[in-house]
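What follows is a short report on a single structure.
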Amino acid sequence: MPQKLDELTMALRAASELRQGQVVAVGSGLPAKIAEILPAQAPVQLLSDGGALGYGPSQPDAGAGVCGPDGRPVALESGGSVVGMVDWAAMLRGGHVDVAVVQPARVTPSGDLLGWTTAATPGLFAPGRTVDLAAGGGTVIAMLPHTGSDGSANIVAESSPVADGRSCVNLIITDIAVIRVENGALVLEEVAPGWSYDEVAALTGAPLTPADDLKEISPDLEALKTARHSKVFPDGPSAIGDMPDGATVMIDGFGGPGGMAHYLLVTLRDQGTRGLTIISNTIGIARIVNFGTPAGKLAIDHSVIVDNGQVVKAIASYPVSPSMSRPSSFELAYRRGEVELELVPQGTLAERLRAGGAGIYAFYTPTGAGTLIAEGKESRVIDGKEYILEHGLKADYCLIRGHKADTLGNVVYKGTSRNFNAVMAPSAAITVVEVDEVVEPGELDPELIVTPGVYVDRIVIRPEAFSAYE
Amino acid sequence: MVEGKERLPREVVAMRVAKELPDGGFVNLGLGIPTLVSNFIPEGGVVFYHSESGVLNCGPLAEEEEQDIDLINAGGQFLQRVPGMAFFSTVDGFAMIRGGHVDVTVLGAHQVSATGDLANWMLPERGVGNIGGAMDLAAGAKQVIVAMEHTDRQDGAKIVQECTYPITGKGCVSLIVTDLAVMQPTPDGLVLREVAPGWTMEEVQELTAATLIPAPDLKEYEL
């Protein structure tokens, strides 16, 4: 029998699938070896449930306090950050991970993934992290030995009632083959050097079709030899100029003038995009509340796009002025019937945003039970307390106000301006952050990064002379 | 006759509420009289203030020359930077509230019912209102105290048998402190615990649209 691939070669073959800018969640076992063979500063970030996003090879004395998926200490690469379990899971479920690599015990032609415990110990179901990886990570690659130590096939025709994931595996990389899962069937695309289709098929417990261009496995990391792309855009117009009419846009706001992406708000006004639905806490009351505004000036807030007739709907918690006698632009537009309003309690708004970004479809909250807010919503009594069902929120764009970012999009905030900005960042298809300063990866303390770059698409530096008042 | 009879100043109402705050407790103060409560923490007492703007251990307001637009309270006022301050996202700020980590919230109200329903987010004549953090506080804070004037400016009752305004939370208010009385909503009705100096229960009842049930130890407002 020809020689099988060693673990590091398998890892090289798996890494050959990765592309510039991807976030790659890895499980334990063979996938953990990917960190050992990636070129230094490769333009992808590995995510481990050991608390690390953007890490390198294992080092016994790494000292970063974070681990790879197999529990070995790893060092963070520059631009890496420390993530908690909730964040790890939110990145997966929320669709922020491009590729997940797992080592199951068995795989089926339909792409079902059977974990070690489900395969070896019927009746005992201990999914660990595999279920999250299988459900959440865009493309799922399964790495496993082609056969067990007794020679039995690990690629099997029959699934299990307690599979860790169903129809989730896209590609199987073994020590003798690369197999694509296509519409419930297995296509042999590559074989290890010296192996034939027949030899591989004989060790496979399910039908296997050879690809027309069946090749020999030959890892190729060319795509990972490029430098990491910077997310910095030259100015506001280049960063949000592609926003179409009718977009849904998240923008933070409280009663004070801080915390808002003022420069991007003015950019949005100047480019005139119309028909916008704005998701925000307030919808432009800093201008009315007027704290700290220099004489003769107006605070820049959501009013600038409301006054310009660009907004058709707001989803907000504090939409109007605290004073009835000094109405905000939004309230005036509302009274004229020009804008719609969906009123949401502030904590529910925050949680809906979090859920949207974290792939949680809906949740029960006690807030608003028995009030107007509960009308038309499902409610249920759990342990004697009434809860209502609220749904996650997503948007096309999110304009957030950070303090500093590195070129990979890692963001830190200043003071209370973190509030809704950090919550909104994961919840939009395109997240644009306006910051005072951009630094190189590694210059922000990874322990203090609040919004990891996985959530940020574009960075704009607020012009130095730009004022929050006009 | 109660018309024109002197009522307690807002500061005294705030002082009475301050007595209710647990030493070392986490407290969220709403706008209006509730904001004043922080001026009357008993000497030696410590209270940690939580604000929906994303900060714990809010200190005093900042002087004009040290105003920082990235350091505000929920009302948008500028805060001083003080030792022990912690900043967090709005998700965390409201997890603190809903998760039962905030001991007391003090809120203003348009109406409070005898059984503790709270209405404070919309005046029907305006047709639109601000919920802000009020519904989460009503649903999540361990204790909800209402601090307000006993009546509106036309002596209209704000303490009612049933709220007619849209409510913020049902049965959530545990204590009402006004410029005339201290009252405790209960499932059985509104218990009058204290009355302002110089006022009788009958006089307070005249300005209250819910039936007052005298507490066995009904006494004068205690500061």
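Chain identifiers are assigned as A, B, and so on, following the order in which chains appear in the structure tokens; residues are numbered from 1 within each chain, and ligands are numbered from 1 in order of appearance.
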### helix (DSSP H, G or I) residues, from DSSP on the backbone, in stretch 83-179 of chain B, as number ranges by chain
B: 90-98, 134-140
Save out the residues we just selected, N, CA and C atoms, as an mmCIF file, in the first residue's frame.
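See part_2.cif below for the written result:
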data_model
loop_
_atom_site.group_PDB
_atom_site.id
_atom_site.type_symbol
_atom_site.label_atom_id
_atom_site.label_comp_id
_atom_site.auth_asym_id
_atom_site.auth_seq_id
_atom_site.Cartn_x
_atom_site.Cartn_y
_atom_site.Cartn_z
ATOM 1 N N THR B 90 -24.094 48.793 25.387
ATOM 2 C CA THR B 90 -25.492 48.837 25.800
ATOM 3 C C THR B 90 -26.042 47.443 26.082
ATOM 4 N N VAL B 91 -25.545 46.435 25.386
ATOM 5 C CA VAL B 91 -25.984 45.065 25.681
ATOM 6 C C VAL B 91 -25.643 44.706 27.123
ATOM 7 N N ASP B 92 -24.433 45.038 27.534
ATOM 8 C CA ASP B 92 -24.035 44.744 28.916
ATOM 9 C C ASP B 92 -24.806 45.613 29.906
ATOM 10 N N GLY B 93 -24.988 46.876 29.545
ATOM 11 C CA GLY B 93 -25.709 47.794 30.429
ATOM 12 C C GLY B 93 -27.111 47.295 30.734
ATOM 13 N N PHE B 94 -27.759 46.730 29.737
ATOM 14 C CA PHE B 94 -29.130 46.259 29.949
ATOM 15 C C PHE B 94 -29.178 44.831 30.460
ATOM 16 N N ALA B 95 -28.120 44.068 30.241
ATOM 17 C CA ALA B 95 -28.032 42.758 30.898
ATOM 18 C C ALA B 95 -27.954 42.974 32.404
ATOM 19 N N MET B 96 -27.249 44.029 32.812
ATOM 20 C CA MET B 96 -27.179 44.351 34.240
ATOM 21 C C MET B 96 -28.585 44.626 34.781
ATOM 22 N N ILE B 97 -29.372 45.343 33.981
ATOM 23 C CA ILE B 97 -30.722 45.697 34.431
ATOM 24 C C ILE B 97 -31.624 44.461 34.438
ATOM 25 N N ARG B 98 -31.737 43.805 33.281
ATOM 26 C CA ARG B 98 -32.680 42.679 33.170
ATOM 27 C C ARG B 98 -32.231 41.485 33.989
ATOM 28 N N ALA B 134 -36.701 52.916 30.214
ATOM 29 C CA ALA B 134 -37.705 52.788 31.278
ATOM 30 C C ALA B 134 -38.341 51.403 31.364
ATOM 31 N N MET B 135 -38.695 50.821 30.222
ATOM 32 C CA MET B 135 -39.381 49.514 30.281
ATOM 33 C C MET B 135 -38.452 48.419 30.788
ATOM 34 N N ASP B 136 -37.178 48.500 30.399
ATOM 35 C CA ASP B 136 -36.220 47.509 30.886
ATOM 36 C C ASP B 136 -36.006 47.673 32.384
ATOM 37 N N LEU B 137 -35.914 48.929 32.830
ATOM 38 C CA LEU B 137 -35.742 49.171 34.267
ATOM 39 C C LEU B 137 -36.970 48.679 35.033
ATOM 40 N N ALA B 138 -38.144 48.965 34.498
ATOM 41 C CA ALA B 138 -39.375 48.540 35.172
ATOM 42 C C ALA B 138 -39.437 47.019 35.266
ATOM 43 N N ALA B 139 -38.983 46.350 34.207
ATOM 44 C CA ALA B 139 -39.073 44.884 34.177
ATOM 45 C C ALA B 139 -37.936 44.215 34.931
ATOM 46 N N GLY B 140 -36.783 44.910 35.041
ATOM 47 C CA GLY B 140 -35.604 44.197 35.498
ATOM 48 C C GLY B 140 -34.996 44.627 36.813
#
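If you count only C-alpha atoms and ignore residues fewer than 3 places along the chain from B:Gly198, what sits within 9 Å of it is Glu6, Val195 and Glu220 of chain B.
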### Query
Excluding same-chain residues fewer than 4 positions from B:Ala210, what lies within 12 Å of it counting only C-alpha atoms, as a PyMOL selection string?
chain B and resi 111-116+157-163+183-185+188-192+204-206
### Message
As an exercise, work out the distance from atom CA of A:Arg269 to atom CA of A:Ile305 in Å and give it to one decimal place.
### Response
5.3 Å
### Task
Up to 7 Å from chain A, what residues of chain B turn up? Count only C-alpha atoms and give them as a PyMOL selection string.
chain B and resi 53-55+69-72+74-77+87-91+94+129-133+135-136+139+166-170
Residues from last step as file, C-alpha atoms, as a PDB file, in the first residue's frame:
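Final output, saved to result14.pdb:
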ATOM      1  CA  SER B  53     -25.206  55.460  28.347  1.00  0.00           C
ATOM      2  CA  GLY B  54     -22.803  52.650  29.217  1.00  0.00           C
ATOM      3  CA  VAL B  55     -21.060  53.516  32.454  1.00  0.00           C
ATOM      4  CA  ILE B  69     -18.332  64.389  24.437  1.00  0.00           C
ATOM      5  CA  ASP B  70     -17.341  60.773  24.946  1.00  0.00           C
ATOM      6  CA  LEU B  71     -18.296  60.854  28.614  1.00  0.00           C
ATOM      7  CA  ILE B  72     -22.018  61.366  29.168  1.00  0.00           C
ATOM      8  CA  ALA B  74     -28.160  58.753  29.830  1.00  0.00           C
ATOM      9  CA  GLY B  75     -29.575  62.272  29.730  1.00  0.00           C
ATOM     10  CA  GLY B  76     -26.645  63.461  27.636  1.00  0.00           C
ATOM     11  CA  GLN B  77     -25.016  65.476  30.439  1.00  0.00           C
ATOM     12  CA  PHE B  87     -17.510  51.547  30.489  1.00  0.00           C
ATOM     13  CA  PHE B  88     -19.510  48.908  28.670  1.00  0.00           C
ATOM     14  CA  SER B  89     -21.736  48.367  25.675  1.00  0.00           C
ATOM     15  CA  THR B  90     -25.492  48.837  25.800  1.00  0.00           C
ATOM     16  CA  VAL B  91     -25.984  45.065  25.681  1.00  0.00           C
ATOM     17  CA  PHE B  94     -29.130  46.259  29.949  1.00  0.00           C
ATOM     18  CA  GLY B 129     -43.046  59.135  23.207  1.00  0.00           C
ATOM     19  CA  ASN B 130     -39.661  57.964  24.370  1.00  0.00           C
ATOM     20  CA  ILE B 131     -39.325  54.584  26.025  1.00  0.00           C
ATOM     21  CA  GLY B 132     -35.570  54.730  26.430  1.00  0.00           C
ATOM     22  CA  GLY B 133     -34.488  52.468  29.270  1.00  0.00           C
ATOM     23  CA  MET B 135     -39.381  49.514  30.281  1.00  0.00           C
ATOM     24  CA  ASP B 136     -36.220  47.509  30.886  1.00  0.00           C
ATOM     25  CA  ALA B 139     -39.073  44.884  34.177  1.00  0.00           C
ATOM     26  CA  PRO B 166     -49.952  53.547  28.137  1.00  0.00           C
ATOM     27  CA  ILE B 167     -48.039  51.675  30.807  1.00  0.00           C
ATOM     28  CA  THR B 168     -44.306  51.080  31.094  1.00  0.00           C
ATOM     29  CA  GLY B 169     -44.586  48.040  33.322  1.00  0.00           C
ATOM     30  CA  LYS B 170     -47.237  46.138  35.235  1.00  0.00           C
TER      31      LYS B 170
END
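When the distance limit is 9 Å and only C-alpha atoms are what count, the residues near A:Glu338, minus those fewer than 2 positions from it on the same chain, are A:Gly309, A:Val311, A:Val312, A:Lys313, A:Leu332, A:Ala333, A:Tyr334, A:Arg335, A:Arg336, A:Glu340.
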Output file for the selection above: N, CA and C atoms, as a compact mmCIF listing (two decimals), in the first residue's frame:
# COMPACT_ATOMS: atom_id res chain seq x y z
N GLY A 309 -34.71 64.94 4.09
CA GLY A 309 -35.73 64.08 3.48
C GLY A 309 -35.24 62.71 3.07
N VAL A 311 -34.87 60.02 5.19
CA VAL A 311 -35.28 58.94 6.08
C VAL A 311 -36.78 58.67 5.91
N VAL A 312 -37.14 57.40 5.75
CA VAL A 312 -38.56 57.05 5.67
C VAL A 312 -39.04 56.29 6.90
N LYS A 313 -38.09 55.74 7.66
CA LYS A 313 -38.51 54.97 8.84
C LYS A 313 -37.40 54.94 9.86
N LEU A 332 -41.08 66.37 14.01
CA LEU A 332 -41.81 67.22 13.05
C LEU A 332 -42.14 66.41 11.80
N ALA A 333 -41.17 65.64 11.32
CA ALA A 333 -41.41 64.82 10.12
C ALA A 333 -42.46 63.75 10.42
N TYR A 334 -42.44 63.24 11.64
CA TYR A 334 -43.41 62.22 12.05
C TYR A 334 -44.82 62.80 12.07
N ARG A 335 -44.92 64.02 12.62
CA ARG A 335 -46.24 64.67 12.67
C ARG A 335 -46.75 64.99 11.27
N ARG A 336 -45.83 65.26 10.35
CA ARG A 336 -46.24 65.53 8.96
C ARG A 336 -46.56 64.24 8.20
N GLU A 340 -42.10 56.77 9.25
CA GLU A 340 -42.69 55.74 10.11
C GLU A 340 -41.79 55.56 11.32
Near stretch 133-148 of chain A, counting only C-alpha atoms, which residues have an atom at most 9 Å away, once you skip same-chain residues fewer than 6 positions from it, shown as a PDB file with N, CA and C atoms, in the first residue's frame?
ATOM      1  N   MET A  10      -1.423  17.106   5.485  1.00  0.00           N
ATOM      2  CA  MET A  10      -2.887  17.265   5.458  1.00  0.00           C
ATOM      3  C   MET A  10      -3.266  18.708   5.814  1.00  0.00           C
ATOM      4  N   ALA A  11      -2.565  19.249   6.817  1.00  0.00           N
ATOM      5  CA  ALA A  11      -2.858  20.636   7.225  1.00  0.00           C
ATOM      6  C   ALA A  11      -2.514  21.601   6.097  1.00  0.00           C
ATOM      7  N   ALA A  14      -5.280  21.476   3.645  1.00  0.00           N
ATOM      8  CA  ALA A  14      -6.463  22.209   4.127  1.00  0.00           C
ATOM      9  C   ALA A  14      -6.227  23.713   3.977  1.00  0.00           C
ATOM     10  N   VAL A  24     -11.094  31.798   9.949  1.00  0.00           N
ATOM     11  CA  VAL A  24     -11.143  30.347   9.873  1.00  0.00           C
ATOM     12  C   VAL A  24     -11.243  29.782  11.285  1.00  0.00           C
ATOM     13  N   ALA A  25     -12.377  29.164  11.598  1.00  0.00           N
ATOM     14  CA  ALA A  25     -12.550  28.557  12.917  1.00  0.00           C
ATOM     15  C   ALA A  25     -12.037  27.129  12.854  1.00  0.00           C
ATOM     16  N   VAL A  26     -11.192  26.759  13.800  1.00  0.00           N
ATOM     17  CA  VAL A  26     -10.614  25.422  13.770  1.00  0.00           C
ATOM     18  C   VAL A  26     -10.964  24.647  15.030  1.00  0.00           C
ATOM     19  N   GLY A  27     -11.225  23.373  14.844  1.00  0.00           N
ATOM     20  CA  GLY A  27     -11.469  22.476  15.960  1.00  0.00           C
ATOM     21  C   GLY A  27     -10.190  21.760  16.351  1.00  0.00           C
ATOM     22  N   GLY A  29      -7.545  18.433  17.164  1.00  0.00           N
ATOM     23  CA  GLY A  29      -7.052  17.325  16.356  1.00  0.00           C
ATOM     24  C   GLY A  29      -6.324  17.837  15.128  1.00  0.00           C
ATOM     25  N   LEU A  30      -6.596  17.235  13.990  1.00  0.00           N
ATOM     26  CA  LEU A  30      -5.895  17.602  12.758  1.00  0.00           C
ATOM     27  C   LEU A  30      -6.049  19.089  12.398  1.00  0.00           C
ATOM     28  N   PRO A  31      -7.252  19.675  12.535  1.00  0.00           N
ATOM     29  CA  PRO A  31      -7.383  21.100  12.162  1.00  0.00           C
ATOM     30  C   PRO A  31      -6.444  22.007  12.954  1.00  0.00           C
ATOM     31  N   ALA A  89     -18.830  31.931  19.828  1.00  0.00           N
ATOM     32  CA  ALA A  89     -20.060  31.328  19.302  1.00  0.00           C
ATOM     33  C   ALA A  89     -20.828  32.322  18.435  1.00  0.00           C
ATOM     34  N   ALA A  90     -20.812  33.604  18.843  1.00  0.00           N
ATOM     35  CA  ALA A  90     -21.536  34.624  18.078  1.00  0.00           C
ATOM     36  C   ALA A  90     -20.900  34.803  16.701  1.00  0.00           C
ATOM     37  N   MET A  91     -19.582  34.732  16.644  1.00  0.00           N
ATOM     38  CA  MET A  91     -18.906  34.859  15.354  1.00  0.00           C
ATOM     39  C   MET A  91     -19.325  33.725  14.424  1.00  0.00           C
ATOM     40  N   LEU A  92     -19.433  32.520  14.971  1.00  0.00           N
ATOM     41  CA  LEU A  92     -19.837  31.372  14.160  1.00  0.00           C
ATOM     42  C   LEU A  92     -21.289  31.487  13.726  1.00  0.00           C
ATOM     43  N   ARG A  93     -22.179  31.642  14.702  1.00  0.00           N
ATOM     44  CA  ARG A  93     -23.613  31.647  14.397  1.00  0.00           C
ATOM     45  C   ARG A  93     -24.009  32.844  13.565  1.00  0.00           C
ATOM     46  N   GLY A  94     -23.310  33.958  13.799  1.00  0.00           N
ATOM     47  CA  GLY A  94     -23.663  35.201  13.130  1.00  0.00           C
ATOM     48  C   GLY A  94     -23.162  35.283  11.696  1.00  0.00           C
ATOM     49  N   GLY A  95     -22.498  34.243  11.235  1.00  0.00           N
ATOM     50  CA  GLY A  95     -22.057  34.238   9.841  1.00  0.00           C
ATOM     51  C   GLY A  95     -20.793  35.041   9.602  1.00  0.00           C
ATOM     52  N   HIS A  96     -19.980  35.215  10.636  1.00  0.00           N
ATOM     53  CA  HIS A  96     -18.762  36.005  10.496  1.00  0.00           C
ATOM     54  C   HIS A  96     -17.533  35.141  10.221  1.00  0.00           C
ATOM     55  N   VAL A  97     -17.732  33.827  10.244  1.00  0.00           N
ATOM     56  CA  VAL A  97     -16.627  32.899  10.003  1.00  0.00           C
ATOM     57  C   VAL A  97     -16.764  32.359   8.580  1.00  0.00           C
ATOM     58  N   ASP A  98     -15.690  32.421   7.811  1.00  0.00           N
ATOM     59  CA  ASP A  98     -15.755  32.003   6.411  1.00  0.00           C
ATOM     60  C   ASP A  98     -15.598  30.503   6.244  1.00  0.00           C
ATOM     61  N   VAL A  99     -14.708  29.930   7.050  1.00  0.00           N
ATOM     62  CA  VAL A  99     -14.411  28.505   6.920  1.00  0.00           C
ATOM     63  C   VAL A  99     -14.297  27.900   8.318  1.00  0.00           C
ATOM     64  N   ALA A 100     -14.893  26.730   8.506  1.00  0.00           N
ATOM     65  CA  ALA A 100     -14.676  25.981   9.750  1.00  0.00           C
ATOM     66  C   ALA A 100     -14.007  24.661   9.382  1.00  0.00           C
ATOM     67  N   VAL A 101     -12.983  24.281  10.149  1.00  0.00           N
ATOM     68  CA  VAL A 101     -12.288  23.024   9.885  1.00  0.00           C
ATOM     69  C   VAL A 101     -12.422  22.152  11.131  1.00  0.00           C
ATOM     70  N   VAL A 102     -12.972  20.975  10.951  1.00  0.00           N
ATOM     71  CA  VAL A 102     -13.224  20.099  12.098  1.00  0.00           C
ATOM     72  C   VAL A 102     -12.685  18.702  11.815  1.00  0.00           C
ATOM     73  N   GLN A 103     -12.426  17.960  12.876  1.00  0.00           N
ATOM     74  CA  GLN A 103     -12.084  16.544  12.713  1.00  0.00           C
ATOM     75  C   GLN A 103     -13.186  15.698  13.327  1.00  0.00           C
ATOM     76  N   PRO A 104     -14.064  15.150  12.492  1.00  0.00           N
ATOM     77  CA  PRO A 104     -15.106  14.268  13.022  1.00  0.00           C
ATOM     78  C   PRO A 104     -14.582  12.835  13.058  1.00  0.00           C
ATOM     79  N   ALA A 105     -15.376  11.939  13.630  1.00  0.00           N
ATOM     80  CA  ALA A 105     -15.034  10.517  13.585  1.00  0.00           C
ATOM     81  C   ALA A 105     -15.458   9.922  12.243  1.00  0.00           C
ATOM     82  N   ARG A 106     -16.593  10.360  11.763  1.00  0.00           N
ATOM     83  CA  ARG A 106     -17.135   9.833  10.499  1.00  0.00           C
ATOM     84  C   ARG A 106     -17.801  10.957   9.714  1.00  0.00           C
ATOM     85  N   VAL A 107     -17.851  10.739   8.392  1.00  0.00           N
ATOM     86  CA  VAL A 107     -18.574  11.663   7.515  1.00  0.00           C
ATOM     87  C   VAL A 107     -19.419  10.834   6.565  1.00  0.00           C
ATOM     88  N   LEU A 113     -21.991  14.989   9.805  1.00  0.00           N
ATOM     89  CA  LEU A 113     -20.738  14.955  10.531  1.00  0.00           C
ATOM     90  C   LEU A 113     -20.986  14.256  11.865  1.00  0.00           C
ATOM     91  N   ASN A 154     -13.861   5.453   7.581  1.00  0.00           N
ATOM     92  CA  ASN A 154     -14.412   6.578   8.343  1.00  0.00           C
ATOM     93  C   ASN A 154     -15.418   7.376   7.515  1.00  0.00           C
ATOM     94  N   ILE A 155     -15.413   7.144   6.217  1.00  0.00           N
ATOM     95  CA  ILE A 155     -16.436   7.744   5.363  1.00  0.00           C
ATOM     96  C   ILE A 155     -17.481   6.674   5.153  1.00  0.00           C
ATOM     97  N   ASP A 164     -23.544  15.364  14.746  1.00  0.00           N
ATOM     98  CA  ASP A 164     -23.212  16.695  15.261  1.00  0.00           C
ATOM     99  C   ASP A 164     -23.626  17.796  14.277  1.00  0.00           C
ATOM    100  N   GLY A 165     -23.726  17.442  13.023  1.00  0.00           N
ATOM    101  CA  GLY A 165     -24.177  18.412  12.030  1.00  0.00           C
ATOM    102  C   GLY A 165     -24.725  17.659  10.842  1.00  0.00           C
ATOM    103  N   ARG A 166     -25.730  18.222  10.205  1.00  0.00           N
ATOM    104  CA  ARG A 166     -26.324  17.554   9.047  1.00  0.00           C
ATOM    105  C   ARG A 166     -26.091  18.373   7.789  1.00  0.00           C
ATOM    106  N   CYS A 168     -23.672  19.494   6.329  1.00  0.00           N
ATOM    107  CA  CYS A 168     -22.874  20.694   6.552  1.00  0.00           C
ATOM    108  C   CYS A 168     -21.475  20.608   5.926  1.00  0.00           C
ATOM    109  N   VAL A 169     -20.961  19.407   5.715  1.00  0.00           N
ATOM    110  CA  VAL A 169     -19.579  19.277   5.234  1.00  0.00           C
ATOM    111  C   VAL A 169     -19.515  19.533   3.725  1.00  0.00           C
ATOM    112  N   ASN A 170     -18.589  20.397   3.335  1.00  0.00           N
ATOM    113  CA  ASN A 170     -18.408  20.697   1.920  1.00  0.00           C
ATOM    114  C   ASN A 170     -17.218  19.956   1.315  1.00  0.00           C
ATOM    115  N   LEU A 171     -16.179  19.764   2.143  1.00  0.00           N
ATOM    116  CA  LEU A 171     -14.957  19.163   1.627  1.00  0.00           C
ATOM    117  C   LEU A 171     -14.376  18.231   2.686  1.00  0.00           C
ATOM    118  N   ILE A 172     -13.900  17.078   2.228  1.00  0.00           N
ATOM    119  CA  ILE A 172     -13.290  16.109   3.148  1.00  0.00           C
ATOM    120  C   ILE A 172     -11.824  15.968   2.752  1.00  0.00           C
ATOM    121  N   ILE A 173     -10.937  16.144   3.716  1.00  0.00           N
ATOM    122  CA  ILE A 173      -9.508  15.957   3.457  1.00  0.00           C
ATOM    123  C   ILE A 173      -9.025  14.824   4.348  1.00  0.00           C
ATOM    124  N   THR A 174      -8.572  13.751   3.726  1.00  0.00           N
ATOM    125  CA  THR A 174      -8.072  12.616   4.513  1.00  0.00           C
ATOM    126  C   THR A 174      -6.584  12.439   4.235  1.00  0.00           C
ATOM    127  N   ASP A 175      -6.025  11.376   4.804  1.00  0.00           N
ATOM    128  CA  ASP A 175      -4.601  11.117   4.589  1.00  0.00           C
ATOM    129  C   ASP A 175      -4.322  10.445   3.244  1.00  0.00           C
ATOM    130  N   ILE A 176      -5.396  10.197   2.468  1.00  0.00           N
ATOM    131  CA  ILE A 176      -5.152   9.658   1.120  1.00  0.00           C
ATOM    132  C   ILE A 176      -5.973  10.367   0.037  1.00  0.00           C
ATOM    133  N   ALA A 177      -6.878  11.266   0.431  1.00  0.00           N
ATOM    134  CA  ALA A 177      -7.775  11.805  -0.604  1.00  0.00           C
ATOM    135  C   ALA A 177      -8.350  13.162  -0.236  1.00  0.00           C
ATOM    136  N   VAL A 200      -8.443   3.980  -3.230  1.00  0.00           N
ATOM    137  CA  VAL A 200      -9.155   4.872  -2.307  1.00  0.00           C
ATOM    138  C   VAL A 200     -10.592   4.399  -2.134  1.00  0.00           C
ATOM    139  N   LEU A 203     -11.324   1.695   0.326  1.00  0.00           N
ATOM    140  CA  LEU A 203     -11.257   2.028   1.759  1.00  0.00           C
ATOM    141  C   LEU A 203     -12.360   3.015   2.160  1.00  0.00           C
ATOM    142  N   THR A 204     -13.291   3.266   1.228  1.00  0.00           N
ATOM    143  CA  THR A 204     -14.351   4.236   1.482  1.00  0.00           C
ATOM    144  C   THR A 204     -15.673   3.491   1.636  1.00  0.00           C
ATOM    145  N   GLY A 359     -26.492  35.707  15.171  1.00  0.00           N
ATOM    146  CA  GLY A 359     -27.197  34.579  14.583  1.00  0.00           C
ATOM    147  C   GLY A 359     -28.271  33.979  15.461  1.00  0.00           C
TER     148      GLY A 359
END
### Task
Write down as a list in words the residues belonging to stretch 78-180 of chain B that are assigned strand (DSSP E or B) by DSSP computed on the backbone.
Phe78, Leu79, Ala86, Phe87, Val104, Thr105, Val106, Leu107, Gln111, Val112, Ser113, Leu118, Ala119, Gln143, Val144, Ile145, Val146, Ala147, Thr151, Ala157, Ile159, Val160, Gly169, Val173, Ser174, Leu175, Ile176 and Val177 of chain B
Kindly export the residues of the current selection with C-alpha atoms, as a PDB file, in the first residue's frame.
ATOM      1  CA  PHE B  78     -21.229  65.488  30.687  1.00  0.00           C
ATOM      2  CA  LEU B  79     -19.684  63.420  33.481  1.00  0.00           C
ATOM      3  CA  ALA B  86     -16.320  51.173  34.064  1.00  0.00           C
ATOM      4  CA  PHE B  87     -17.510  51.547  30.489  1.00  0.00           C
ATOM      5  CA  VAL B 104     -32.874  50.067  42.743  1.00  0.00           C
ATOM      6  CA  THR B 105     -34.090  52.349  40.029  1.00  0.00           C
ATOM      7  CA  VAL B 106     -35.724  55.667  40.803  1.00  0.00           C
ATOM      8  CA  LEU B 107     -38.009  56.906  38.045  1.00  0.00           C
ATOM      9  CA  GLN B 111     -49.237  57.904  36.442  1.00  0.00           C
ATOM     10  CA  VAL B 112     -48.832  55.115  38.973  1.00  0.00           C
ATOM     11  CA  SER B 113     -51.660  52.735  39.838  1.00  0.00           C
ATOM     12  CA  LEU B 118     -46.197  52.500  35.975  1.00  0.00           C
ATOM     13  CA  ALA B 119     -46.949  54.873  33.085  1.00  0.00           C
ATOM     14  CA  GLN B 143     -36.778  47.555  43.168  1.00  0.00           C
ATOM     15  CA  VAL B 144     -38.593  50.346  41.327  1.00  0.00           C
ATOM     16  CA  ILE B 145     -39.180  53.552  43.283  1.00  0.00           C
ATOM     17  CA  VAL B 146     -41.193  56.378  41.764  1.00  0.00           C
ATOM     18  CA  ALA B 147     -40.256  59.906  42.863  1.00  0.00           C
ATOM     19  CA  THR B 151     -50.319  65.751  41.202  1.00  0.00           C
ATOM     20  CA  ALA B 157     -54.222  63.040  40.199  1.00  0.00           C
ATOM     21  CA  ILE B 159     -51.776  58.316  41.480  1.00  0.00           C
ATOM     22  CA  VAL B 160     -54.750  56.409  40.152  1.00  0.00           C
ATOM     23  CA  GLY B 169     -44.586  48.040  33.322  1.00  0.00           C
ATOM     24  CA  VAL B 173     -43.499  49.913  41.439  1.00  0.00           C
ATOM     25  CA  SER B 174     -42.721  49.024  45.033  1.00  0.00           C
ATOM     26  CA  LEU B 175     -42.682  52.521  46.538  1.00  0.00           C
ATOM     27  CA  ILE B 176     -44.028  55.951  45.564  1.00  0.00           C
ATOM     28  CA  VAL B 177     -42.453  59.007  47.168  1.00  0.00           C
TER      29      VAL B 177
END
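Residues with any atom within 12 Å of A:Phe466, counting only C-alpha atoms and excluding same-chain neighbours fewer than 5 positions away, are Ala261, His262, Tyr263, Leu264, Val266, Thr267, Ile300, Glu434, Val435, Asp436 and Ile461 of chain A.
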### Query
Pick the closest to A:Leu448 from A:Met1, A:Ala428, A:Leu38, A:Val82: which is it, counting only C-alpha atoms?
A:Val82
### Task
Identify, on the basis of only C-alpha atoms, every residue whose closest approach to stretch 205-210 of chain A does not exceed 8 Å; exclude the query and any residue fewer than 3 positions from it along the same chain; express the result as a ChimeraX atom specification.
/A:108-109,153-157,185-189,197,201-202,214
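The interatomic distance for the pair atom CA of A:Val460 and atom CA of A:Lys404 works out to 10.5 Å.
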